[in-house]
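Asker: This is entry.cif, which holds mmCIF, C-alpha atoms:
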data_target
#
loop_
_atom_site.label_atom_id
_atom_site.label_comp_id
_atom_site.auth_asym_id
_atom_site.auth_seq_id
_atom_site.Cartn_x
_atom_site.Cartn_y
_atom_site.Cartn_z
CA MET A 172 185.75 -7.77 -52.51
CA ALA A 173 184.40 -4.31 -53.38
CA GLU A 174 180.92 -5.11 -52.03
CA LYS A 175 182.44 -5.69 -48.56
CA ARG A 176 183.89 -2.18 -48.52
CA GLU A 177 181.84 0.73 -47.30
CA VAL A 178 180.22 2.60 -50.17
CA TRP A 179 182.54 5.61 -49.92
CA LEU A 180 185.55 3.32 -50.48
CA ARG A 181 184.16 1.85 -53.73
CA GLY A 182 185.00 4.88 -55.82
CA PRO A 183 183.07 7.65 -57.50
CA LEU A 184 179.45 7.15 -58.46
CA PRO A 185 178.74 7.64 -62.16
CA ASP A 186 176.81 10.77 -63.12
CA MET A 187 177.01 12.13 -59.57
CA PRO A 188 178.42 15.66 -59.17
CA ILE A 189 181.77 15.39 -57.42
CA LEU A 190 180.78 17.71 -54.57
CA LEU A 191 177.73 15.57 -53.83
CA GLN A 192 179.52 12.21 -53.83
CA PRO A 193 179.78 12.09 -50.00
CA VAL A 194 176.04 12.70 -49.62
CA ALA A 195 175.21 9.98 -52.15
CA HIS A 196 177.69 7.59 -50.53
CA ALA A 197 176.06 8.10 -47.12
CA LEU A 198 172.56 7.49 -48.46
CA LEU A 199 173.66 4.33 -50.26
CA GLN A 200 175.50 3.14 -47.15
CA ALA A 201 172.37 3.71 -45.08
CA ARG A 202 170.29 1.77 -47.58
CA GLU A 203 172.67 -1.21 -47.44
CA GLU A 204 172.90 -1.20 -43.65
CA LEU A 205 169.13 -0.89 -43.31
CA ALA A 206 168.55 -3.84 -45.63
CA GLU A 207 170.92 -6.03 -43.63
CA LEU A 208 169.63 -4.82 -40.28
CA THR A 209 165.96 -5.41 -41.06
CA GLN A 210 166.35 -8.59 -43.11
CA ASP A 211 164.86 -10.90 -40.49
CA PHE A 212 163.21 -8.33 -38.26
CA PRO A 213 159.62 -9.41 -37.48
CA SER A 214 156.91 -6.92 -38.36
CA VAL A 215 155.09 -7.70 -35.10
CA ARG A 216 157.90 -5.89 -33.24
CA LEU A 217 157.91 -2.74 -35.41
CA TRP A 218 156.10 -0.58 -32.87
CA GLU A 219 157.73 -1.78 -29.67
CA ARG A 220 159.58 0.87 -27.66
CA PRO A 221 162.16 -0.74 -25.35
CA SER A 222 163.12 1.62 -22.52
CA GLU A 223 160.89 4.26 -24.13
CA LEU A 224 163.18 4.47 -27.20
CA ALA A 225 161.59 5.35 -30.52
CA SER A 226 160.20 2.26 -32.21
CA PRO A 227 161.81 0.69 -35.29
CA GLY A 228 158.66 1.60 -37.21
CA PHE A 229 159.09 5.26 -36.29
CA HIS A 230 162.70 5.31 -37.48
CA LEU A 231 161.78 3.67 -40.77
CA GLN A 232 158.92 6.10 -41.38
CA HIS A 233 160.98 9.08 -40.26
CA LEU A 234 163.96 8.22 -42.46
CA THR A 235 161.71 8.25 -45.51
CA GLY A 236 159.78 11.36 -44.51
CA VAL A 237 162.79 13.48 -43.67
CA LEU A 238 164.50 12.73 -46.97
CA ASP A 239 161.33 13.70 -48.79
CA ARG A 240 160.98 16.93 -46.83
CA LEU A 241 164.64 18.02 -47.02
CA TYR A 242 164.81 17.43 -50.77
CA THR A 243 161.57 19.37 -51.21
CA TYR A 244 163.13 22.32 -49.38
CA ALA A 245 166.29 21.94 -51.49
CA ARG A 246 164.15 22.38 -54.60
CA GLY A 247 162.83 25.61 -53.07
CA GLU A 248 159.33 24.20 -52.61
CA ALA A 249 156.93 24.20 -49.69
CA LEU A 250 155.66 20.97 -48.20
CA THR A 251 152.39 19.65 -49.55
CA GLU A 252 149.43 18.69 -47.39
CA THR A 253 150.29 15.03 -48.12
CA GLN A 254 153.80 15.55 -46.74
CA LEU A 255 152.43 17.29 -43.65
CA GLU A 256 149.98 14.41 -43.08
CA TYR A 257 152.85 11.94 -43.40
CA LEU A 258 154.83 13.94 -40.84
CA ARG A 259 151.94 13.89 -38.37
CA ALA A 260 151.59 10.11 -38.81
CA GLU A 261 155.27 9.26 -38.25
CA GLY A 262 155.51 6.82 -35.38
CA LEU A 263 151.86 5.84 -35.38
CA ALA A 264 151.45 2.10 -35.50
CA THR A 265 150.03 0.67 -38.69
CA ASP A 266 149.67 -2.82 -40.08
CA VAL A 267 152.48 -2.23 -42.57
CA ARG A 268 155.23 -4.82 -42.79
CA THR A 269 158.92 -4.19 -42.20
CA GLU A 270 159.69 -4.95 -45.83
CA GLU A 271 157.23 -2.29 -47.01
CA LEU A 272 158.79 0.40 -44.83
CA VAL A 273 162.27 -0.55 -46.04
CA GLN A 274 161.07 -0.44 -49.66
CA ARG A 275 159.58 3.02 -49.13
CA PHE A 276 162.92 4.21 -47.79
CA ASN A 277 164.75 2.63 -50.75
CA THR A 278 162.42 4.40 -53.16
CA GLN A 279 163.01 7.72 -51.40
CA VAL A 280 166.78 7.19 -51.58
CA GLU A 281 166.48 6.64 -55.34
CA LYS A 282 164.52 9.89 -55.68
CA ALA A 283 167.14 11.69 -53.61
CA LEU A 284 169.99 10.29 -55.71
CA GLU A 285 168.26 11.41 -58.89
CA GLN A 286 167.83 14.90 -57.48
CA LEU A 287 171.50 14.97 -56.48
CA ARG A 288 172.48 13.94 -60.02
CA GLN A 289 170.41 16.81 -61.44
CA THR A 290 171.89 19.43 -59.10
CA HIS A 291 174.35 21.77 -60.76
CA PRO A 292 177.27 22.83 -58.52
CA ASP A 293 176.25 26.49 -58.95
CA GLN A 294 173.02 25.72 -57.08
CA LEU A 295 174.71 24.43 -53.92
CA THR A 296 175.12 27.82 -52.26
CA GLN A 297 171.61 29.02 -53.04
CA VAL A 298 169.69 29.94 -49.91
CA ARG A 299 166.67 27.82 -49.04
CA GLY A 300 164.11 28.28 -46.31
CA VAL A 301 163.31 25.39 -44.02
CA GLY A 302 159.90 24.81 -42.49
CA ARG A 303 157.12 27.23 -41.82
CA ALA A 304 159.55 29.67 -40.21
CA GLN A 305 161.72 29.56 -43.35
CA LEU A 306 164.89 29.10 -41.30
CA PRO A 307 167.91 29.79 -43.50
CA SER A 308 169.93 27.01 -45.06
CA THR A 309 171.43 26.29 -48.46
CA VAL A 310 170.92 23.53 -50.99
CA LEU A 311 174.22 22.00 -49.88
CA GLY A 312 173.30 22.39 -46.21
CA LEU A 313 170.05 20.50 -46.78
CA TYR A 314 171.81 17.73 -48.67
CA VAL A 315 174.56 17.34 -46.07
CA HIS A 316 171.99 17.33 -43.29
CA SER A 317 170.04 14.62 -45.14
CA ALA A 318 173.13 12.41 -45.05
CA GLU A 319 174.06 12.95 -41.42
CA HIS A 320 170.46 12.75 -40.23
CA THR A 321 169.90 9.51 -42.13
CA MET A 322 173.02 7.91 -40.67
CA ARG A 323 172.10 9.08 -37.15
CA HIS A 324 168.71 7.38 -37.36
CA VAL A 325 170.16 4.23 -38.89
CA GLY A 326 172.46 4.05 -35.85
CA GLN A 327 169.55 4.52 -33.47
CA LEU A 328 167.56 1.91 -35.36
CA LEU A 329 170.46 -0.53 -35.12
CA VAL A 330 170.54 -0.21 -31.34
CA THR A 331 166.77 -0.54 -30.99
CA ILE A 332 166.56 -3.60 -33.22
CA ARG A 333 169.43 -5.27 -31.36
CA VAL A 334 167.73 -4.60 -28.04
CA LEU A 335 164.47 -6.08 -29.38
CA SER A 336 166.25 -9.07 -30.87
#
Starting from the file, lay out its structure as structure tokens.
Answerer:
Amino acid sequence: MAEKREVWLRGPLPDMPILLQPVAHALLQAREELAELTQDFPSVRLWERPSELASPGFHLQHLTGVLDRLYTYARGEALTETQLEYLRAEGLATDVRTEELVQRFNTQVEKALEQLRQTHPDQLTQVRGVGRAQLPSTVLGLYVHSAEHTMRHVGQLLVTIRVLS
């Protein structure tokens, strides 16, 4: 029965700092919903934009890229040229399959969860700069934003896939 419950209702995650449990729960929930949502979604429809909405391919690329970027900022690092190239390519049609994009997101979620596990609570209020302008945030602010941003795009992806299906 536990697997039918949303992730946050399944109890604490082992080795996850208590203050970061909600972030981890949201990322795991997104991963589960994405897997179910894209299970039978045909790759030939990845780049379609019904009613000028963002394509499913964009959302899948963007979900992965944003997690990578936000967690880089949380570590106090600048984006690499590879990350900037990825950002510029988000939404550009490629011959990649749906399953590959989902797997890339899953891999990024695992990296994010590992970083969350390694974050000491004393670090959460440390100031971090975001983007080239170094807009002020904190480690916790970046992590919380990663959770809400991920769930927002999963919701948009759900609508787009349903429209295309």
Asker: Nearest residue to Ala245 in chain A out of A:Gln200, A:Thr309, A:Ser214, A:Gln279, using all atoms listed in the file?
Answerer: A:Thr309
Asker: Assuming the chain letters and numbering stay as they are in my file, what does the PyMOL selection byres ((chain A and resi 268-276) around 10) actually select? List them as a VMD selection string.
Answerer: chain A and resid 201 to 202 205 to 206 209 to 217 227 to 236 238 to 239 265 to 267 277 to 282
Asker: For the residues selected in the previous step, produce a file with C-alpha atoms as a PDB file, in the coordinates of the input.
Answerer:
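Saved the output as selection.pdb:
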ATOM      1  CA  ALA A 201     172.370   3.710 -45.080  1.00  0.00           C
ATOM      2  CA  ARG A 202     170.290   1.770 -47.580  1.00  0.00           C
ATOM      3  CA  LEU A 205     169.130  -0.890 -43.310  1.00  0.00           C
ATOM      4  CA  ALA A 206     168.550  -3.840 -45.630  1.00  0.00           C
ATOM      5  CA  THR A 209     165.960  -5.410 -41.060  1.00  0.00           C
ATOM      6  CA  GLN A 210     166.350  -8.590 -43.110  1.00  0.00           C
ATOM      7  CA  ASP A 211     164.860 -10.900 -40.490  1.00  0.00           C
ATOM      8  CA  PHE A 212     163.210  -8.330 -38.260  1.00  0.00           C
ATOM      9  CA  PRO A 213     159.620  -9.410 -37.480  1.00  0.00           C
ATOM     10  CA  SER A 214     156.910  -6.920 -38.360  1.00  0.00           C
ATOM     11  CA  VAL A 215     155.090  -7.700 -35.100  1.00  0.00           C
ATOM     12  CA  ARG A 216     157.900  -5.890 -33.240  1.00  0.00           C
ATOM     13  CA  LEU A 217     157.910  -2.740 -35.410  1.00  0.00           C
ATOM     14  CA  PRO A 227     161.810   0.690 -35.290  1.00  0.00           C
ATOM     15  CA  GLY A 228     158.660   1.600 -37.210  1.00  0.00           C
ATOM     16  CA  PHE A 229     159.090   5.260 -36.290  1.00  0.00           C
ATOM     17  CA  HIS A 230     162.700   5.310 -37.480  1.00  0.00           C
ATOM     18  CA  LEU A 231     161.780   3.670 -40.770  1.00  0.00           C
ATOM     19  CA  GLN A 232     158.920   6.100 -41.380  1.00  0.00           C
ATOM     20  CA  HIS A 233     160.980   9.080 -40.260  1.00  0.00           C
ATOM     21  CA  LEU A 234     163.960   8.220 -42.460  1.00  0.00           C
ATOM     22  CA  THR A 235     161.710   8.250 -45.510  1.00  0.00           C
ATOM     23  CA  GLY A 236     159.780  11.360 -44.510  1.00  0.00           C
ATOM     24  CA  LEU A 238     164.500  12.730 -46.970  1.00  0.00           C
ATOM     25  CA  ASP A 239     161.330  13.700 -48.790  1.00  0.00           C
ATOM     26  CA  THR A 265     150.030   0.670 -38.690  1.00  0.00           C
ATOM     27  CA  ASP A 266     149.670  -2.820 -40.080  1.00  0.00           C
ATOM     28  CA  VAL A 267     152.480  -2.230 -42.570  1.00  0.00           C
ATOM     29  CA  ASN A 277     164.750   2.630 -50.750  1.00  0.00           C
ATOM     30  CA  THR A 278     162.420   4.400 -53.160  1.00  0.00           C
ATOM     31  CA  GLN A 279     163.010   7.720 -51.400  1.00  0.00           C
ATOM     32  CA  VAL A 280     166.780   7.190 -51.580  1.00  0.00           C
ATOM     33  CA  GLU A 281     166.480   6.640 -55.340  1.00  0.00           C
ATOM     34  CA  LYS A 282     164.520   9.890 -55.680  1.00  0.00           C
TER      35      LYS A 282
END
Asker: If I put a ball of radius 10 Å at (174.6, 20.3, -48.1) in the file's coordinates, which residues poke into it when counting only C-alpha atoms, written as a list in words?
Answerer: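 Looking at atoms near the point gives Leu190, Leu191, Pro193, Val194, Ala245, Leu295, Thr296, Ser308, Thr309, Val310, Leu311, Gly312, Leu313, Tyr314, Val315, His316, Ser317, Ala318 and Glu319 of chain A.
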Asker: Output the residue selection produced by the PyMOL selection byres ((chain A and resi 174-179) around 9) on the file above, formatted as a ChimeraX atom specification.
Answerer: /A:172-173,180-183,192-193,195-197,199-200,203
Asker: What is the distance, in Å and to one decimal place, between CA of Gln286 in chain A and CA of Met322 in chain A?
Answerer: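 Pair CA of Gln286 in chain A / CA of Met322 in chain A returns 18.9 Å.
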Asker: Starting from the structure just given, write a file holding range 200-324 of chain A with C-alpha atoms, as a PDB file, in the first residue's frame.
Answerer:
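As a result, result_36.pdb now contains:
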ATOM      1  CA  GLN A 200       7.528  12.450  -6.409  1.00  0.00           C
ATOM      2  CA  ALA A 201       8.383  14.232  -9.647  1.00  0.00           C
ATOM      3  CA  ARG A 202      10.514  11.301 -10.763  1.00  0.00           C
ATOM      4  CA  GLU A 203       7.671   8.833 -10.136  1.00  0.00           C
ATOM      5  CA  GLU A 204       5.060  11.001 -11.849  1.00  0.00           C
ATOM      6  CA  LEU A 205       7.334  11.612 -14.820  1.00  0.00           C
ATOM      7  CA  ALA A 206       7.971   7.892 -15.256  1.00  0.00           C
ATOM      8  CA  GLU A 207       4.256   7.131 -15.262  1.00  0.00           C
ATOM      9  CA  LEU A 208       3.381  10.087 -17.462  1.00  0.00           C
ATOM     10  CA  THR A 209       5.958   9.321 -20.153  1.00  0.00           C
ATOM     11  CA  GLN A 210       5.711   5.523 -20.057  1.00  0.00           C
ATOM     12  CA  ASP A 211       3.967   5.182 -23.418  1.00  0.00           C
ATOM     13  CA  PHE A 212       4.628   8.633 -24.813  1.00  0.00           C
ATOM     14  CA  PRO A 213       5.919   8.348 -28.399  1.00  0.00           C
ATOM     15  CA  SER A 214       9.256  10.006 -29.105  1.00  0.00           C
ATOM     16  CA  VAL A 215       7.942  11.305 -32.438  1.00  0.00           C
ATOM     17  CA  ARG A 216       5.719  13.727 -30.484  1.00  0.00           C
ATOM     18  CA  LEU A 217       8.452  15.081 -28.180  1.00  0.00           C
ATOM     19  CA  TRP A 218       8.840  18.371 -30.016  1.00  0.00           C
ATOM     20  CA  GLU A 219       5.216  19.142 -30.811  1.00  0.00           C
ATOM     21  CA  ARG A 220       3.856  22.377 -29.347  1.00  0.00           C
ATOM     22  CA  PRO A 221       0.046  22.268 -29.117  1.00  0.00           C
ATOM     23  CA  SER A 222      -1.415  25.770 -28.876  1.00  0.00           C
ATOM     24  CA  GLU A 223       2.151  27.116 -28.784  1.00  0.00           C
ATOM     25  CA  LEU A 224       2.808  25.445 -25.395  1.00  0.00           C
ATOM     26  CA  ALA A 225       6.351  24.341 -24.632  1.00  0.00           C
ATOM     27  CA  SER A 226       7.023  20.900 -26.067  1.00  0.00           C
ATOM     28  CA  PRO A 227       7.362  17.794 -23.883  1.00  0.00           C
ATOM     29  CA  GLY A 228      10.985  17.582 -25.022  1.00  0.00           C
ATOM     30  CA  PHE A 229      11.650  21.093 -23.732  1.00  0.00           C
ATOM     31  CA  HIS A 230      10.177  20.296 -20.320  1.00  0.00           C
ATOM     32  CA  LEU A 231      12.224  17.114 -20.027  1.00  0.00           C
ATOM     33  CA  GLN A 232      15.437  18.882 -21.009  1.00  0.00           C
ATOM     34  CA  HIS A 233      14.660  21.882 -18.810  1.00  0.00           C
ATOM     35  CA  LEU A 234      13.864  19.786 -15.734  1.00  0.00           C
ATOM     36  CA  THR A 235      17.289  18.180 -15.952  1.00  0.00           C
ATOM     37  CA  GLY A 236      19.155  21.376 -16.741  1.00  0.00           C
ATOM     38  CA  VAL A 237      17.603  23.472 -14.003  1.00  0.00           C
ATOM     39  CA  LEU A 238      18.370  20.900 -11.327  1.00  0.00           C
ATOM     40  CA  ASP A 239      21.963  20.789 -12.502  1.00  0.00           C
ATOM     41  CA  ARG A 240      22.263  24.579 -12.496  1.00  0.00           C
ATOM     42  CA  LEU A 241      20.546  25.198  -9.149  1.00  0.00           C
ATOM     43  CA  TYR A 242      22.634  22.581  -7.372  1.00  0.00           C
ATOM     44  CA  THR A 243      25.785  24.059  -8.919  1.00  0.00           C
ATOM     45  CA  TYR A 244      24.844  27.452  -7.478  1.00  0.00           C
ATOM     46  CA  ALA A 245      24.071  25.802  -4.120  1.00  0.00           C
ATOM     47  CA  ARG A 246      27.640  24.489  -4.064  1.00  0.00           C
ATOM     48  CA  GLY A 247      28.827  28.063  -4.603  1.00  0.00           C
ATOM     49  CA  GLU A 248      30.137  27.317  -8.094  1.00  0.00           C
ATOM     50  CA  ALA A 249      29.738  29.090 -11.413  1.00  0.00           C
ATOM     51  CA  LEU A 250      28.199  27.341 -14.388  1.00  0.00           C
ATOM     52  CA  THR A 251      30.589  25.628 -16.763  1.00  0.00           C
ATOM     53  CA  GLU A 252      30.633  26.202 -20.503  1.00  0.00           C
ATOM     54  CA  THR A 253      29.032  22.742 -20.891  1.00  0.00           C
ATOM     55  CA  GLN A 254      26.140  23.800 -18.655  1.00  0.00           C
ATOM     56  CA  LEU A 255      25.718  27.049 -20.584  1.00  0.00           C
ATOM     57  CA  GLU A 256      25.676  25.122 -23.881  1.00  0.00           C
ATOM     58  CA  TYR A 257      23.033  22.782 -22.450  1.00  0.00           C
ATOM     59  CA  LEU A 258      20.953  25.801 -21.413  1.00  0.00           C
ATOM     60  CA  ARG A 259      21.141  27.291 -24.903  1.00  0.00           C
ATOM     61  CA  ALA A 260      20.058  23.954 -26.426  1.00  0.00           C
ATOM     62  CA  GLU A 261      17.018  23.417 -24.176  1.00  0.00           C
ATOM     63  CA  GLY A 262      13.968  23.046 -26.362  1.00  0.00           C
ATOM     64  CA  LEU A 263      15.850  22.390 -29.574  1.00  0.00           C
ATOM     65  CA  ALA A 264      14.608  19.274 -31.277  1.00  0.00           C
ATOM     66  CA  THR A 265      16.992  16.348 -31.341  1.00  0.00           C
ATOM     67  CA  ASP A 266      16.654  12.702 -32.285  1.00  0.00           C
ATOM     68  CA  VAL A 267      16.766  11.651 -28.632  1.00  0.00           C
ATOM     69  CA  ARG A 268      14.087   9.275 -27.392  1.00  0.00           C
ATOM     70  CA  THR A 269      11.648   9.974 -24.573  1.00  0.00           C
ATOM     71  CA  GLU A 270      13.214   7.244 -22.459  1.00  0.00           C
ATOM     72  CA  GLU A 271      16.650   8.859 -22.756  1.00  0.00           C
ATOM     73  CA  LEU A 272      15.378  12.243 -21.590  1.00  0.00           C
ATOM     74  CA  VAL A 273      13.583  10.624 -18.656  1.00  0.00           C
ATOM     75  CA  GLN A 274      16.742   8.706 -17.739  1.00  0.00           C
ATOM     76  CA  ARG A 275      18.795  11.907 -17.825  1.00  0.00           C
ATOM     77  CA  PHE A 276      16.314  13.503 -15.437  1.00  0.00           C
ATOM     78  CA  ASN A 277      16.435  10.450 -13.152  1.00  0.00           C
ATOM     79  CA  THR A 278      20.222  10.623 -13.080  1.00  0.00           C
ATOM     80  CA  GLN A 279      20.099  14.326 -12.212  1.00  0.00           C
ATOM     81  CA  VAL A 280      17.617  13.625  -9.400  1.00  0.00           C
ATOM     82  CA  GLU A 281      20.032  11.045  -7.974  1.00  0.00           C
ATOM     83  CA  LYS A 282      22.860  13.600  -8.072  1.00  0.00           C
ATOM     84  CA  ALA A 283      20.613  16.150  -6.371  1.00  0.00           C
ATOM     85  CA  LEU A 284      19.603  13.685  -3.655  1.00  0.00           C
ATOM     86  CA  GLU A 285      23.239  12.856  -2.981  1.00  0.00           C
ATOM     87  CA  GLN A 286      24.064  16.549  -2.665  1.00  0.00           C
ATOM     88  CA  LEU A 287      21.132  17.016  -0.288  1.00  0.00           C
ATOM     89  CA  ARG A 288      22.385  14.108   1.835  1.00  0.00           C
ATOM     90  CA  GLN A 289      25.822  15.746   2.049  1.00  0.00           C
ATOM     91  CA  THR A 290      24.469  19.170   3.041  1.00  0.00           C
ATOM     92  CA  HIS A 291      24.988  20.038   6.683  1.00  0.00           C
ATOM     93  CA  PRO A 292      22.136  22.053   8.241  1.00  0.00           C
ATOM     94  CA  ASP A 293      24.598  24.853   9.084  1.00  0.00           C
ATOM     95  CA  GLN A 294      25.088  25.432   5.347  1.00  0.00           C
ATOM     96  CA  LEU A 295      21.414  26.099   4.592  1.00  0.00           C
ATOM     97  CA  THR A 296      21.492  29.805   5.390  1.00  0.00           C
ATOM     98  CA  GLN A 297      24.720  30.499   3.517  1.00  0.00           C
ATOM     99  CA  VAL A 298      24.267  33.123   0.818  1.00  0.00           C
ATOM    100  CA  ARG A 299      24.707  32.006  -2.771  1.00  0.00           C
ATOM    101  CA  GLY A 300      24.727  34.058  -5.942  1.00  0.00           C
ATOM    102  CA  VAL A 301      22.518  33.016  -8.823  1.00  0.00           C
ATOM    103  CA  GLY A 302      23.422  33.567 -12.459  1.00  0.00           C
ATOM    104  CA  ARG A 303      25.756  36.051 -14.009  1.00  0.00           C
ATOM    105  CA  ALA A 304      24.194  38.862 -11.985  1.00  0.00           C
ATOM    106  CA  GLN A 305      24.833  36.891  -8.778  1.00  0.00           C
ATOM    107  CA  LEU A 306      21.309  37.544  -7.520  1.00  0.00           C
ATOM    108  CA  PRO A 307      21.134  36.727  -3.809  1.00  0.00           C
ATOM    109  CA  SER A 308      19.716  33.469  -2.542  1.00  0.00           C
ATOM    110  CA  THR A 309      20.693  30.878   0.037  1.00  0.00           C
ATOM    111  CA  VAL A 310      21.507  27.197  -0.165  1.00  0.00           C
ATOM    112  CA  LEU A 311      18.053  26.428   1.251  1.00  0.00           C
ATOM    113  CA  GLY A 312      16.405  28.884  -1.142  1.00  0.00           C
ATOM    114  CA  LEU A 313      18.022  27.141  -4.105  1.00  0.00           C
ATOM    115  CA  TYR A 314      16.987  23.715  -2.874  1.00  0.00           C
ATOM    116  CA  VAL A 315      13.388  24.759  -2.185  1.00  0.00           C
ATOM    117  CA  HIS A 316      13.185  26.446  -5.572  1.00  0.00           C
ATOM    118  CA  SER A 317      14.482  23.253  -7.211  1.00  0.00           C
ATOM    119  CA  ALA A 318      11.553  21.357  -5.701  1.00  0.00           C
ATOM    120  CA  GLU A 319       8.824  23.835  -6.589  1.00  0.00           C
ATOM    121  CA  HIS A 320      10.227  24.504 -10.053  1.00  0.00           C
ATOM    122  CA  THR A 321      10.452  20.786 -10.788  1.00  0.00           C
ATOM    123  CA  MET A 322       6.866  20.164  -9.721  1.00  0.00           C
ATOM    124  CA  ARG A 323       5.635  23.172 -11.726  1.00  0.00           C
ATOM    125  CA  HIS A 324       7.190  21.807 -14.918  1.00  0.00           C
TER     126      HIS A 324
END
